[in-house]
Every structure is written in structure tokens, then in C-alpha cells.
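Participant: Quick one: structure below, then a few questions.
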Amino acid sequence: MDEEAERALQAATLRIGQTLARRAAGQRPGLFDAAGLRGRLLGRALHDEALRTRLFRFVDVLPQLPDEAAIAAHFRAYLDGFELGGLWGRALKLGNAPIGAFAVRRSVRRLAGLFLAEETPRALAASLARLARLSARVSLDAVGEAVLGEAEADAYRDRVLGLIQALAETPAADVSVKLSALTPRFDPVDPDGSAGRVWRRLAPIAEAAHVHGVALTVDMEQYALKPLIQAIFLQLARDYPQADFRVGIALQAYLKDAESDLAGFIAGARASGRPLAVRLVKGAYWDSEQAWAAQRDWPLPVFLDKAATDRQFETLTRLLMSATDAVYPMIASHNLRSQAHALALARQLGLSADAWEAQTLHGMAEPLRDALIAEGVTLRVYLPTGDLVTGIAYLIRRLLENTAGTSILRQTYVEAQPLDALLAEPVPAQPAATPTPTPTPAAFTNIPLADFSQAVQREAMAVALVQVRGELGQDYPVPGGGDWIVSTNPANSREVIGRVQAARPEQVDASVAAALAAFPHWRDTPARERAEHLRAAARLIEQDRARFAAWEVLEAGKNWREADADVAEAVDVLNYYAAGIEALDGWRPNRHDPGELNDSRYEAVGPAAIVAPWNFPLAILAGMSAATLAAGCPVLLKPASLTPVIAWHYRQVLLAAGIPAAVVQWLPGGGREIGARLVAHPDVAAVAFTGSREVGLDILAAAHARVPGQRLIKRVVCEMGGKNAIVVDEDADLDEAVAEILASAFGYQGQKCSAASRVIAVGRVHDRLVERLAAALDAYEIGPPEQPRHPLGPLIDAAAVEKALAYLEIGAREGRLAYAGRAPLAELGHYFAPAIFSDILPGHRLAREEIFAPILAVIHAADFATALTIALDSDYALTGGVFSRLPAHLELARTRFRVGNLYLNRGITGAKVAVQPFGGVALSGCGIQAGGPDYLKQFLWMRTVSENTLRHGFVP
Ligand code: FDA
């Protein structure tokens with residue numbers, strides 16, 4: 001657009017904005033209607049950030065609360081201390097009064113009624129009639145809980161079909177659909193499988209919409225789901241090429257890459273001749289996108305500057321309106337400037353009223369809505385339908401959005417900003433010129449997990465799997481070695497991953513001798529150099545990350561995400577302990593007195609035996625060896641016999657990173673022959689072990705038994721397992737709890753020491769929780785994990801299946817089989833169908849014994865305190881979790897739930913290096929938490945030198 005046209009557009013935007021504002025004057029959106037308690041309370045919350053947070057948290061939990069006592073308790077927990085006034089205030093003062101609960105529920109229901117319509121035919125008809133009177137079009141949207149099971153997805157499909165039916169007679173009607181609600185497994189790691197699952201339910205919806213002449217618009221959700229949602233939408237457009245059946249998709253202007261997406265839509269629509277509708281929005285997940293990106297160390301997909309979003313919204317409006325041959329623009333915003341700009345542009349481009357439309361959400365910006373209609377704009381209201389329980393996530397989002405400081409509605413109706421400011425052209429702040437920080441090599445940061453929503457990352461993994469498959473079946477000899485360990489794919493026991501030659505037991509002595517000989521030099525190598533070797537190893541693994549993950553998929557039976565996470569953790573531990581040893585290096589002064597110097601330094605204890613498990617074949621092996629190597633101890637690697645090939649590759653990396661071979665001794669072989677001999681060897685100064693409790697306790701005994709020739713006492717670090725419990729409180733958010741429990745209990749088939757194996761359900765939450773867990777688990781497919789459609793793979797070997805089967809029998813005797821999965825009939829894979837047992841009592845074996853398999857025991861507890869007591873009644877104390885929305889219960893858990901790693905309102909596996917130092921107490925292990933600041937010190941001792949510097953009365 002040339003300068004003159006641009007100036008004209010800005011002037012027209014201002015003029016139209018003023019006209020719209022004039023028309024809207026005197027009217028306020030329902031939410032900000034100051035009358036009544038709701039207005040007073042929200043009014044106060046708008047100016048008090050603490051109250052706002054508390055109020056929204058309270059509204060969030062309310063639908064879940066079973067009775068008046070619970071409502072009163074939560075009400076007090078969240079809102080005590082705030083002067084609320086009105087009936088709520090009185091109710092608060094009265095304490096546990098039914099009247100309080102009644103008043104609260106009624107107010108919140110009314111609040112929900114501002115944004116949601118009931119889904120009964122009568123209520124729908126009334127809502128549609130109201131909109132028709134306004135001359136507004138409609139898009140209906142069935143809001144709901146997260147869809148976790150097939151039946152829930154069916155229910156969503158049926159609701160959408162019901163809405164289409166209800167709209168059959170309404171002209172130019174539209175239905176909005178959330179694709180993620182059409183399957184319980186909408187997973188970007190498996191786009192083809194996810195699309196197939198979505199299509200099973202989207203097909204009848206599309207068919208019905210097509211037949212009834214109702215348009216379909218696909219909502220946009222979180223960024224990670226965007227490629228998948230867009231791909232399915234484009235397929236919809238291809239499958240229904242009829243131009244009179246309008247299909248549309250939402251496009252979020254807050255995303256940095258929105259413009260290229262839109263360019264793709266326009267080009268595709270032109271190429272195919274199939275017009276598309278695009279609903280331009282700003283984006284509803286702004287806060288969450290930031291939190292998700294930060295937690296995963298992923299790049300931030302959204303703008304941080306509101307003006308940048310607003311400006312991109314205008315850029316995209318222009319792109320849309322200049323391409324009406326290919327796209328139908330739907331400009332969805334409550335922002336006076338954004339809509340005035342759209343209208344000005346439409347007029348400037350000479351677009352007719354049916355060439356585009358404006359959209360608003362029901363219950364928001366009614367004055368602007370009416371003003372736009374009065375200006376002759378085609379206007380559509382997006383009307384969510386559902387009840388308070390199912391609509392709560394939606395309601396909270398709307399409340400947060402409307403009351404945020406940057407919200408246009410707040411600025412217009414609460415802060416009454418001057419019209420000029422509201423209509424000003426959005427100009428993003430110039431980012432301040434920050435000097436590029438000098439990289440500090442010692443500073444540690446976690447590497448991000450792979451983002452499998454990105455096609456390049458999926459392709460890298462697929463390619464790596466093919467490459468690694470080409471390398472299977474090789475021999476990995478040990479000079480002078482003994483028997484061969486044949487490593488096979490747990491998903492196909494005929495597929496040989498590799499043959500690793502075991503060391504002969506006599507070789508242990510020679511290896512220890514060689515390590516001991518190498519010790520002084522390695523110990524005295526400057527810490528910075530040792531650290532550099534480890535960082536070099538980390539870089540090598542990172543460069544070859546997909547291939548390492550592929551080895552894990554094939555040798556350990558991990559799915560893509562689990563495999564990638566293990567590789568990422570290996571990189572992290574190498575970098576973390578490298579930084580750690582640099583921080584501990586050198587002589588440090590203690591107290592220097594006149595005439596006396598007192599200095600200490602840490603020094604390595606000596607050769608360290610590393611006895612590693614198969615379940616985190618890279619991360620734990622790397623963690624234990626990186627710490628000891630960093631400390632200055634030569635290591636004797638005894639890899640797990642079930643995953644020796646990955647271990648072999650790891651050792652190659654250490655050698656390639658310049659660590660002398662004598663410092664990384666290689667001792668593959670059986671635990672009894674090699675491990676036991678190594679642990680008992682008199683010259684082994686430290687043992688780092690992760691594995692079963694039985695072996696761990698044997699190692700502790702053997703390591704501390706005196707043997708001839710012994711001149712040291714071994715440092716032993718044993719990490720031995722858990723019987724981890726998650727307590728689910730009565731008020732828990734089940735959408736979250738169910739998803740996180742499944743990941744914690746069944747991730748990697750439950751073969752993690754941190755896995756959840758007990759769920760303790762409080763009070764009335766029990767039945768619904770078990771039902772939703774079973775339904776959600778039923779949606780998980782089991783099969784070869786190299787295919788990303790299988791979140792669950794095989795157990796590690798046949799013995800593991802045998803053990804798990806024995807626990808099925810025990811579970812059936814002790815409790816009730818609430819869910820039994822289906823394992824594939826593949827004779828060659830070690831598959832085991834996951835199971836959930838309910839009615840388990842705290843004394844049952846299923847509640848007490850560690851089971852390395854996908855078997856979950858559900859225990860009922862009358863109240864929260866009892867649940868904590870049950871959770872703590874265990875030989876183990878490794879991880880634990882609580883899902884609750886009562887602050888007092890979370891606090892109680894913090895103080896009383898003594899486990900190494902306690903997780904509140906989230907899953908209990910996947911501890912992050914440096915962020916969640918990992919390890920337990922009781923029979924879960926001895927030793928300081930791995931990935932934490934003190935872990936290294938277990939392989940160090942402190943030497944102190946005190947020197948008298950006084951010479952005949954002269955103090956230097
Ligand atoms: P306003 O001008 O106040 O903008 C608020 C928005 O700006 C926030 O929602 C956020 O996107 C952005 N923002 C706030 N602070 C920011 C900052 N510091 N830096 C950068 N950006 C910031 N959303 C969605 O994600 N998917 C969907 O499918 C839909 N569907 C939909 C349909 C209809 C008809 C409407 C009206 C809206 C949606 N939305 C949506 C919601 C939409 O994305 C948006 O949240 C609201 O419309 C609020 O934006 P406004 O332009 O109305 O207000």
C-alpha cells in the first residue's frame with residue numbers, strides 16, 4: 001500500500017473508530033455491569049492482583065466441590081482476609097453455612113451464564129432467537145472437559161452433531177470444533193495416527209454440517225498442536241471441495257509465525273480453487289504458551305509485546321482482505337481499534353458486506369458488537385454451550401482475559417482510557433539494545449527436549465531409526481573376553497541389537513589395577529580439563545541425539561519421547577557435573593588467622609565402579625559416570641546386560657572426547673560374576689549403583705565387608721526403587737490428574753523407579769477417578785515403540801513379563817480388576833497389558849511391593865490426612881504426588897509427605913537435572929540426590945592443610 005493510501009486508511013480507522021465508540025456509548029458489557037455483587041466483586045478483583053488470582057482459583061475448583069462444607073472450606077481458604085462485602089462477605093463471616101455455599105454457587109452460575117448458553121434444545125432455541133433479533137449470525141461451540149477416553153470423545157462428537165441439528169434451520173450458521181476433543185490421543189508425535197483417530201469422529205460431523213448447510217470452523221489451540229490441526233483442516237477442505245460448504249480455521253495473531261501460515265493458506269486455496277474461511281484471532285493461550293515454553297526450554301512462539309500482536313493482527317487483516325478471491329476473512333476481536341481498522345480497510349478495498357465478517361464472543365463487548373451491526377457489518381457471535389462444570393476452563397480463560405491489564409475491554413470499560421489512546425496505531429516497542437552476553441562456559445542450562453510437533457524432529461527420528469537398524473547385529477568384542485551377551489529388541493526377541501562380549505571375571509582385577517594406575521594422573525588433571533572432556537562428550541551425544549534415541553527405542557523398548565528424554569538427560573548430566581566440579585575445584589581458604597593459614601580442597605577418592613540399570617540406559621549410566629569422572633575418579637563401567645550396546649556407544653563417546661581408555665574401563669558381564677567381584681574389590685574406592693533393592697542391599701553389605709588387602713572404606717551410593725503414591729484429593733482437577741497419573745504410572749510401561757504405582761483416592765473422587773483412568777488408559781495403544789502411534793511398548797524381557805503376570809494374580813486375589821488392557825499377540829515381543837486394580841488395602845502386597853510393570857493399585861482413603869498416612873506407610877520414600885486445590889492440603893503435603901521428590905499437581909516422573917535433584921530415602925536408597933549440588937561430593941574427600949607461618953615471632 002502506498003503512503004497516501006496508508007494515511008487515508010489511518011484517518012478512516014480513526015473516523016470509524018469514533019463512530020463505533022459513539023454508537024457504543026452508554027452501554028457496558030455484562031461482565032463490567034457494576035450493578036450487583038458480581039460487579040462489586042469483579043470490580044475489586046480488577047484492582048487487586050492477589051484477590052484476582054484467588055478468586056479465579058476459587059471459581060476454577062468450585063464445580064468439582066461435592067458439598068457445602070467443601071465449598072465453605074475452599075471459599076475461606078482462598079478468600080479469607082479479603083473484605084468482600086455483600087452476601088459473599090457475610091457468608092464468609094458466618095463460616096460453614098449452607099447459605100454461603102448457595103450464594104456462591106448462584107453467583108458463579110450467573111457469571112457463567114454471561115458467557116455460556118445451556119445446551120438444552122429450549123435454551124438453544126431461545127439463544128438463537130435472541131441473536132436473530134440482533135441480526136447477528138452465530139457459531140456454536142460445545143465447551144467441555146479435557147477428553148481423556150473414547151466415550152468422552154464420542155460424547156463430544158454427539159454434542160457437536162446435536163448443535164448442527166439445532167442449527168439446521170438457521171441461515172448462515174456455523175459450528176466451531178476443537179479437534180483435540182475428537183480423540184483422547186491427539187498427539188503431535190503421531191500426526192498420522194492422530195489424524196486417523198480424529199477423522200473417525202470428524203467425518204460424521206463434516207457430513208452432517210455439509211448436509212445441513214452449516215459451516216464448520218476449526219478452533220486453534222496450543223502451539224504444539226498447530227501443525228496437526230492445520231493439516232487435518234486442510235484435509236477437510238480437500239475432502240469437501242464444494243465451495244458452498246464453508247470450512248474455516250482460526251489463526252492466532254500473537255504467534256510469530258502466523259503470517260507465513262496465512263500465506264500458505266492463501267496460496268493453497270488459490271492453487272486448489274477451494275476457498276477457505278480464516279478466523280483471525282489474537283490467541284487465547286498467551287500465559288500458558290509462555291509457561292510451557294519455559295518449562296520445556298523451547299523457543300517462545302508468541303509475542304511478548306501487546307502492540308506487536310495488535311500490529312500483526314492488522315497486517316493479517318490486510319492480507320486476508322486483499323485475498324478475498326481465495327479466503328473469507330472473519331475478523332474476531334473485541335478491540336475497537338482492531339475492528340475499526342478492519343472496517344476501514346474493507347471500505348477502502350470496496351469489499352461488500354458479504355465478503356467478510358466480524359466476530360465477537362458471547363457475553364463480551366456487546367456495545368461494540370451492536371455498533372458494528374449498526375454500521376452494516378456482517379457480525380457473528382461465537383456462543384459456547386455447556387454447563388458450568390464442563391465449561392469451567394473456558395470460563396476461567398474468559399475471566400482472565402477480560403480482567404488482564406492489557407485487555408481492551410478492561411481498558412475501555414474499567415479504566416475508561418481516552419478514545420485517542422484506544423484508537424492509536426499499535427506500535428511495538430523497539431527492543432532495547434541489550435549487549436550480547438558473553439557466553440559463560442561454566443554456566444549450566446538444560447537442553448530442550450525434542451519437540452515432536454515439528455516435522456523436522458520427527459523426520460530426524462525416523463531417519464535415525466532406519467540408520468540404526470542398519471547397524472544392528474554387530475559384535476562388540478572385549479580383548480580376551482569371555483561369553484557373548486546377546487542383546488535383543490524387547491519388541492521382537494528375534495531381532496539382535498548386538499552381541500557384546502562379557503569380560504571374564506579375572507579381568508576385573510586387571511581392570512581395577514589399570515584404573516588404579518591411571519588414578520593419580522586423572523585426579524591431578526585440572527578440573528577444568530576434566531570438565532572440558534565431559535562437555536565434549538555431551539556435545540558428541542547432542543550432535544548424534546536422534547541416533548542415541550533410536551538405539552534406546554530398539555534396545556530398551558522406549559517410545560520416542562521417553563528415549564529422547566533419556567538422551568537429553570545424559571547430555572545434561574555431563575554438562576552439569578562438569579560445571580559442578582569447576583565450582584568445587586582448588587584450594588579454598590577456611591579461616592586465616594595471623595600466623596596460621598587454613599585451606600581445604602576436595603579430591604577424588606579413587607577408582608569407582610559404575611553398576612548401571614537398563615531402564616535409563618544412557619542417562620543413569622552417564623549420570624553416575626560423569627559425576628565420578630568429573631570428581632577425578634577413573635571409572636569401571638559395568639553396563640546393564642539388557643542394554644549393553646547403548647552403553648558401548650556411550651563409552652566410545654567418552655573415548656572420542658579424549659578421556660584416556662585407562663580411565664574408562666569396560667567390564668560388561670553378569671551381576672554375579674562381574675558386578676559382585678568389582679564391588680568387593682579392595683581397591684575400588686566408590687560404588688555407584690542404581691537398580692533393585694535386593695541387589696542394592698547386597699552391594700552395600702559386600703562393599704562394606706572387610707576383605708584382605710583392603711586399605712579403604714568404600715563410598716557407596718545406591719538408588720534402589722520406590723513404591724510411589726499419588727494422592728488425589730476430593731477437589732482435584734481430574735482432567736489434569738488423570739493425564740498425569742497415566743503418564744507417571746504407565747510411561748515406559750511403569751519401568752521407572754519414580755513411577756506411580758499407588759493412587760490414593762480421597763472420598764468421593766474415587767469412583768470417577770477410576771472410571772476416567774480406565775477409559776483414558778484404554779485409549780493407549782501398545783505395540784512396537786518405534787512406531788510413534790504406540791505410547792506403550794514391551795517390557796524389557798520375558799522374566800519381567802513373568803513377574804508382572806504373577807502380580808496380576810495377586811492383584812485379582814487382593815482387589816478388583818478395574819481395568820485390563822489388551823496386549824498385542826506378538827509372540828516375539830515381551831508385551832504385557834496394563835492393569836488397574838481398585839479396592840486395594842494399604843497392607844496388600846500390591847500396595848507394598850515394588851512392581852516394575854504397568855500395574856496401578858488404587859487405594860481409597862476417607863480423608864486427606866488418612867491418604868497421606870497411607871502414602872507414607874511404605875518401605876520406600878522416593879517420589880510422591882498430590883493433586884489438590886486446597887492450599888492447606890498442599891501445605892500439609894509439603895511438610896509431612898517426606899519423600900525425595902514430591903510433586904504437587906503434576907506428574908511424578910521425569911526429574912530435570914539441577915531443577916529437581918533426584919533420589920530418595922528409606923529403602924529407596926542411600927546417597928545424596930543425583931543432579932543436585934551435593935551429588936559430586938560423595939566421590940570426593942576433603943583435605944585440609946593448616947600451616948603455622950609464624951617464624952620466631954615474625955608474622956608474614
Ligand atoms: P485485546 O485487544 O484485549 O487482545 C487481547 C489479546 O492480546 C490476548 O488474548 C492475547 O492474545 C494478546 N496479548 C495480551 N497481552 C499480550 C502481550 N503482552 N504481548 C503479546 N500479546 C498479548 N482464541 C484462540 O486461541 N483460538 C480460537 O479458536 C479462538 N476463537 C475465537 C473466536 C472468536 C469469535 C473470538 C472473538 C475470539 C476467539 N479466540 C480464540 C480468543 C482470542 O484469541 C482472544 O483471546 C480474544 O478475542 C481477546 O482478544 P481481543 O482482540 O478481543 O482483545
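By order of appearance in the C-alpha cells: chains A, B, ..., then residues from 1 within every chain, and ligands from 1 in the order shown.
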I need the residues in region 191-286 of chain A that are strand (DSSP E or B) according to DSSP; give them as a VMD selection string.
Facilitator: chain A and resid 215 to 218 247 to 252 255 276 to 281
Participant: Write the residues of the preceding selection, restricted to N, CA and C atoms, as a PDB file, in the first residue's frame.
Facilitator:
```pdb
ATOM      1  N   ALA A 215     -21.757 -24.144   8.323  1.00  0.00           N
ATOM      2  CA  ALA A 215     -20.311 -24.023   8.119  1.00  0.00           C
ATOM      3  C   ALA A 215     -19.567 -24.611   9.314  1.00  0.00           C
ATOM      4  N   LEU A 216     -18.327 -25.029   9.080  1.00  0.00           N
ATOM      5  CA  LEU A 216     -17.503 -25.570  10.172  1.00  0.00           C
ATOM      6  C   LEU A 216     -16.263 -24.705  10.331  1.00  0.00           C
ATOM      7  N   THR A 217     -15.974 -24.327  11.570  1.00  0.00           N
ATOM      8  CA  THR A 217     -14.734 -23.596  11.808  1.00  0.00           C
ATOM      9  C   THR A 217     -13.927 -24.345  12.850  1.00  0.00           C
ATOM     10  N   VAL A 218     -12.663 -24.564  12.534  1.00  0.00           N
ATOM     11  CA  VAL A 218     -11.790 -25.302  13.443  1.00  0.00           C
ATOM     12  C   VAL A 218     -11.112 -24.302  14.380  1.00  0.00           C
ATOM     13  N   VAL A 247     -15.651 -23.980   5.097  1.00  0.00           N
ATOM     14  CA  VAL A 247     -14.833 -24.523   6.191  1.00  0.00           C
ATOM     15  C   VAL A 247     -13.778 -23.481   6.533  1.00  0.00           C
ATOM     16  N   GLY A 248     -13.573 -23.311   7.817  1.00  0.00           N
ATOM     17  CA  GLY A 248     -12.657 -22.260   8.245  1.00  0.00           C
ATOM     18  C   GLY A 248     -11.763 -22.726   9.384  1.00  0.00           C
ATOM     19  N   ILE A 249     -10.767 -21.912   9.656  1.00  0.00           N
ATOM     20  CA  ILE A 249      -9.814 -22.236  10.726  1.00  0.00           C
ATOM     21  C   ILE A 249      -9.404 -20.941  11.420  1.00  0.00           C
ATOM     22  N   ALA A 250      -9.159 -21.047  12.714  1.00  0.00           N
ATOM     23  CA  ALA A 250      -8.703 -19.868  13.454  1.00  0.00           C
ATOM     24  C   ALA A 250      -7.195 -19.700  13.269  1.00  0.00           C
ATOM     25  N   LEU A 251      -6.772 -18.457  13.191  1.00  0.00           N
ATOM     26  CA  LEU A 251      -5.355 -18.115  13.030  1.00  0.00           C
ATOM     27  C   LEU A 251      -5.008 -17.129  14.139  1.00  0.00           C
ATOM     28  N   GLN A 252      -3.956 -17.436  14.909  1.00  0.00           N
ATOM     29  CA  GLN A 252      -3.654 -16.624  16.092  1.00  0.00           C
ATOM     30  C   GLN A 252      -2.582 -15.572  15.783  1.00  0.00           C
ATOM     31  N   LEU A 255       1.051 -15.309  17.414  1.00  0.00           N
ATOM     32  CA  LEU A 255       2.141 -16.221  17.054  1.00  0.00           C
ATOM     33  C   LEU A 255       3.087 -15.550  16.069  1.00  0.00           C
ATOM     34  N   LEU A 276     -11.182 -20.868   1.399  1.00  0.00           N
ATOM     35  CA  LEU A 276     -11.129 -21.205   2.829  1.00  0.00           C
ATOM     36  C   LEU A 276     -11.598 -19.996   3.633  1.00  0.00           C
ATOM     37  N   ALA A 277     -12.193 -20.260   4.765  1.00  0.00           N
ATOM     38  CA  ALA A 277     -12.506 -19.162   5.677  1.00  0.00           C
ATOM     39  C   ALA A 277     -11.423 -19.120   6.756  1.00  0.00           C
ATOM     40  N   VAL A 278     -11.011 -17.925   7.131  1.00  0.00           N
ATOM     41  CA  VAL A 278      -9.995 -17.810   8.183  1.00  0.00           C
ATOM     42  C   VAL A 278     -10.512 -16.869   9.265  1.00  0.00           C
ATOM     43  N   ARG A 279     -10.576 -17.417  10.482  1.00  0.00           N
ATOM     44  CA  ARG A 279     -10.997 -16.589  11.612  1.00  0.00           C
ATOM     45  C   ARG A 279      -9.735 -16.021  12.264  1.00  0.00           C
ATOM     46  N   LEU A 280      -9.576 -14.727  12.098  1.00  0.00           N
ATOM     47  CA  LEU A 280      -8.385 -14.105  12.666  1.00  0.00           C
ATOM     48  C   LEU A 280      -8.666 -13.747  14.134  1.00  0.00           C
ATOM     49  N   VAL A 281      -7.857 -14.323  15.038  1.00  0.00           N
ATOM     50  CA  VAL A 281      -7.987 -14.015  16.473  1.00  0.00           C
ATOM     51  C   VAL A 281      -6.613 -13.587  16.982  1.00  0.00           C
TER      52      VAL A 281
END
```
Participant: Got a sec: who's within 8 Å of Leu225 (chain A), counting only C-alpha atoms, leaving out chain neighbours fewer than 6 positions off, as a PyMOL selection string?
Facilitator: chain A and resi 187-188+453
Participant: Within 7 Å of region 821-829 of chain A, counting only C-alpha atoms, which residues show up once you throw out same-chain ones fewer than 2 positions away? Write them as JSON, numbers by chain, please.
Facilitator: {"A": [490, 491, 492, 493, 494, 778, 782, 783, 794, 819, 831, 832, 833, 834, 835]}
Participant: Please check which protein, DNA or RNA residues sit within 7 Å of ligand 1, counting only C-alpha atoms and all ligand atoms, and write them as a PDB file with N, CA and C atoms, in the first residue's frame.
Facilitator:
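Dumped to selection.pdb:
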```pdb
ATOM      1  N   VAL A 218     -12.663 -24.564  12.534  1.00  0.00           N
ATOM      2  CA  VAL A 218     -11.790 -25.302  13.443  1.00  0.00           C
ATOM      3  C   VAL A 218     -11.112 -24.302  14.380  1.00  0.00           C
ATOM      4  N   ASP A 219     -11.292 -24.511  15.687  1.00  0.00           N
ATOM      5  CA  ASP A 219     -10.643 -23.645  16.674  1.00  0.00           C
ATOM      6  C   ASP A 219      -9.147 -23.916  16.691  1.00  0.00           C
ATOM      7  N   MET A 220      -8.366 -22.915  17.056  1.00  0.00           N
ATOM      8  CA  MET A 220      -6.940 -23.151  17.218  1.00  0.00           C
ATOM      9  C   MET A 220      -6.657 -23.274  18.714  1.00  0.00           C
ATOM     10  N   GLU A 221      -5.746 -24.201  19.036  1.00  0.00           N
ATOM     11  CA  GLU A 221      -5.472 -24.481  20.444  1.00  0.00           C
ATOM     12  C   GLU A 221      -4.000 -24.170  20.735  1.00  0.00           C
ATOM     13  N   ALA A 250      -9.159 -21.047  12.714  1.00  0.00           N
ATOM     14  CA  ALA A 250      -8.703 -19.868  13.454  1.00  0.00           C
ATOM     15  C   ALA A 250      -7.195 -19.700  13.269  1.00  0.00           C
ATOM     16  N   GLN A 252      -3.956 -17.436  14.909  1.00  0.00           N
ATOM     17  CA  GLN A 252      -3.654 -16.624  16.092  1.00  0.00           C
ATOM     18  C   GLN A 252      -2.582 -15.572  15.783  1.00  0.00           C
ATOM     19  N   TYR A 254      -1.041 -13.638  17.738  1.00  0.00           N
ATOM     20  CA  TYR A 254       0.068 -13.498  18.696  1.00  0.00           C
ATOM     21  C   TYR A 254       1.240 -14.412  18.368  1.00  0.00           C
ATOM     22  N   VAL A 281      -7.857 -14.323  15.038  1.00  0.00           N
ATOM     23  CA  VAL A 281      -7.987 -14.015  16.473  1.00  0.00           C
ATOM     24  C   VAL A 281      -6.613 -13.587  16.982  1.00  0.00           C
ATOM     25  N   LYS A 282      -6.578 -13.119  18.213  1.00  0.00           N
ATOM     26  CA  LYS A 282      -5.251 -12.784  18.749  1.00  0.00           C
ATOM     27  C   LYS A 282      -4.619 -13.995  19.412  1.00  0.00           C
ATOM     28  N   GLY A 283      -5.434 -14.826  20.049  1.00  0.00           N
ATOM     29  CA  GLY A 283      -4.885 -16.037  20.668  1.00  0.00           C
ATOM     30  C   GLY A 283      -5.215 -16.067  22.146  1.00  0.00           C
ATOM     31  N   ALA A 284      -5.704 -17.223  22.601  1.00  0.00           N
ATOM     32  CA  ALA A 284      -6.249 -17.303  23.955  1.00  0.00           C
ATOM     33  C   ALA A 284      -5.323 -17.976  24.960  1.00  0.00           C
ATOM     34  N   TYR A 285      -4.118 -18.368  24.545  1.00  0.00           N
ATOM     35  CA  TYR A 285      -3.283 -19.142  25.475  1.00  0.00           C
ATOM     36  C   TYR A 285      -1.979 -18.413  25.775  1.00  0.00           C
ATOM     37  N   TRP A 286      -2.071 -17.108  25.829  1.00  0.00           N
ATOM     38  CA  TRP A 286      -0.846 -16.319  25.898  1.00  0.00           C
ATOM     39  C   TRP A 286       0.000 -16.652  27.130  1.00  0.00           C
ATOM     40  N   VAL A 302       5.126 -16.899  21.014  1.00  0.00           N
ATOM     41  CA  VAL A 302       4.226 -15.733  20.991  1.00  0.00           C
ATOM     42  C   VAL A 302       5.008 -14.435  21.197  1.00  0.00           C
ATOM     43  N   PHE A 303       4.408 -13.344  20.726  1.00  0.00           N
ATOM     44  CA  PHE A 303       4.987 -12.031  21.022  1.00  0.00           C
ATOM     45  C   PHE A 303       4.826 -11.729  22.504  1.00  0.00           C
ATOM     46  N   LEU A 304       5.732 -10.928  23.024  1.00  0.00           N
ATOM     47  CA  LEU A 304       5.593 -10.517  24.426  1.00  0.00           C
ATOM     48  C   LEU A 304       5.037  -9.108  24.521  1.00  0.00           C
ATOM     49  N   ASP A 305       4.955  -8.459  23.389  1.00  0.00           N
ATOM     50  CA  ASP A 305       4.517  -7.070  23.377  1.00  0.00           C
ATOM     51  C   ASP A 305       3.102  -7.036  22.785  1.00  0.00           C
ATOM     52  N   LYS A 306       2.184  -6.526  23.560  1.00  0.00           N
ATOM     53  CA  LYS A 306       0.787  -6.498  23.098  1.00  0.00           C
ATOM     54  C   LYS A 306       0.661  -5.759  21.776  1.00  0.00           C
ATOM     55  N   ALA A 307       1.415  -4.670  21.631  1.00  0.00           N
ATOM     56  CA  ALA A 307       1.319  -3.885  20.397  1.00  0.00           C
ATOM     57  C   ALA A 307       1.805  -4.702  19.199  1.00  0.00           C
ATOM     58  N   ALA A 308       2.747  -5.625  19.443  1.00  0.00           N
ATOM     59  CA  ALA A 308       3.226  -6.464  18.334  1.00  0.00           C
ATOM     60  C   ALA A 308       2.103  -7.392  17.868  1.00  0.00           C
ATOM     61  N   THR A 309       1.360  -7.923  18.828  1.00  0.00           N
ATOM     62  CA  THR A 309       0.213  -8.764  18.461  1.00  0.00           C
ATOM     63  C   THR A 309      -0.820  -7.927  17.707  1.00  0.00           C
ATOM     64  N   ASP A 310      -1.116  -6.761  18.244  1.00  0.00           N
ATOM     65  CA  ASP A 310      -2.131  -5.908  17.604  1.00  0.00           C
ATOM     66  C   ASP A 310      -1.698  -5.519  16.189  1.00  0.00           C
ATOM     67  N   ALA A 332     -12.099 -11.623  14.265  1.00  0.00           N
ATOM     68  CA  ALA A 332     -12.657 -11.894  15.588  1.00  0.00           C
ATOM     69  C   ALA A 332     -11.884 -11.124  16.654  1.00  0.00           C
ATOM     70  N   SER A 333     -12.502 -10.071  17.153  1.00  0.00           N
ATOM     71  CA  SER A 333     -11.831  -9.280  18.190  1.00  0.00           C
ATOM     72  C   SER A 333     -12.853  -8.381  18.870  1.00  0.00           C
ATOM     73  N   HIS A 334     -12.534  -8.022  20.109  1.00  0.00           N
ATOM     74  CA  HIS A 334     -13.383  -7.066  20.834  1.00  0.00           C
ATOM     75  C   HIS A 334     -12.702  -5.719  20.921  1.00  0.00           C
ATOM     76  N   ASN A 335     -11.651  -5.590  20.171  1.00  0.00           N
ATOM     77  CA  ASN A 335     -10.836  -4.396  20.243  1.00  0.00           C
ATOM     78  C   ASN A 335     -11.349  -3.374  19.232  1.00  0.00           C
ATOM     79  N   SER A 338      -8.906  -2.657  16.458  1.00  0.00           N
ATOM     80  CA  SER A 338      -8.738  -3.777  15.520  1.00  0.00           C
ATOM     81  C   SER A 338      -9.931  -3.860  14.570  1.00  0.00           C
ATOM     82  N   GLN A 359     -16.440 -10.900  14.160  1.00  0.00           N
ATOM     83  CA  GLN A 359     -16.956 -11.866  15.136  1.00  0.00           C
ATOM     84  C   GLN A 359     -16.622 -11.413  16.559  1.00  0.00           C
ATOM     85  N   THR A 360     -17.532 -11.724  17.459  1.00  0.00           N
ATOM     86  CA  THR A 360     -17.263 -11.476  18.887  1.00  0.00           C
ATOM     87  C   THR A 360     -17.727 -12.679  19.688  1.00  0.00           C
ATOM     88  N   LEU A 361     -17.224 -12.776  20.896  1.00  0.00           N
ATOM     89  CA  LEU A 361     -17.655 -13.859  21.777  1.00  0.00           C
ATOM     90  C   LEU A 361     -18.896 -13.435  22.537  1.00  0.00           C
ATOM     91  N   VAL A 381     -21.726 -14.024  16.301  1.00  0.00           N
ATOM     92  CA  VAL A 381     -21.415 -14.209  17.724  1.00  0.00           C
ATOM     93  C   VAL A 381     -21.032 -15.664  17.951  1.00  0.00           C
ATOM     94  N   TYR A 382     -19.933 -15.837  18.622  1.00  0.00           N
ATOM     95  CA  TYR A 382     -19.448 -17.181  18.965  1.00  0.00           C
ATOM     96  C   TYR A 382     -20.059 -17.517  20.313  1.00  0.00           C
ATOM     97  N   GLU A 401      -8.816 -13.222  30.693  1.00  0.00           N
ATOM     98  CA  GLU A 401      -8.589 -12.383  29.530  1.00  0.00           C
ATOM     99  C   GLU A 401      -9.205 -11.002  29.722  1.00  0.00           C
ATOM    100  N   THR A 406      -3.768  -5.829  30.028  1.00  0.00           N
ATOM    101  CA  THR A 406      -3.676  -5.448  28.613  1.00  0.00           C
ATOM    102  C   THR A 406      -5.007  -5.606  27.887  1.00  0.00           C
ATOM    103  N   SER A 407      -6.039  -6.122  28.569  1.00  0.00           N
ATOM    104  CA  SER A 407      -7.296  -6.395  27.877  1.00  0.00           C
ATOM    105  C   SER A 407      -7.964  -5.107  27.428  1.00  0.00           C
ATOM    106  N   ILE A 408      -8.412  -5.145  26.202  1.00  0.00           N
ATOM    107  CA  ILE A 408      -9.040  -3.963  25.645  1.00  0.00           C
ATOM    108  C   ILE A 408     -10.356  -3.665  26.377  1.00  0.00           C
ATOM    109  N   LEU A 409     -11.034  -4.727  26.803  1.00  0.00           N
ATOM    110  CA  LEU A 409     -12.312  -4.493  27.482  1.00  0.00           C
ATOM    111  C   LEU A 409     -12.075  -3.781  28.813  1.00  0.00           C
TER     112      LEU A 409
END
```
Participant: Just list the residues in region 246-439 of chain A DSSP gives helix (DSSP H, G or I) on the backbone, as number ranges by chain.
Facilitator: A: 258-272, 286-296, 306-321, 336-348, 366-374, 392-403, 408-414, 419-423
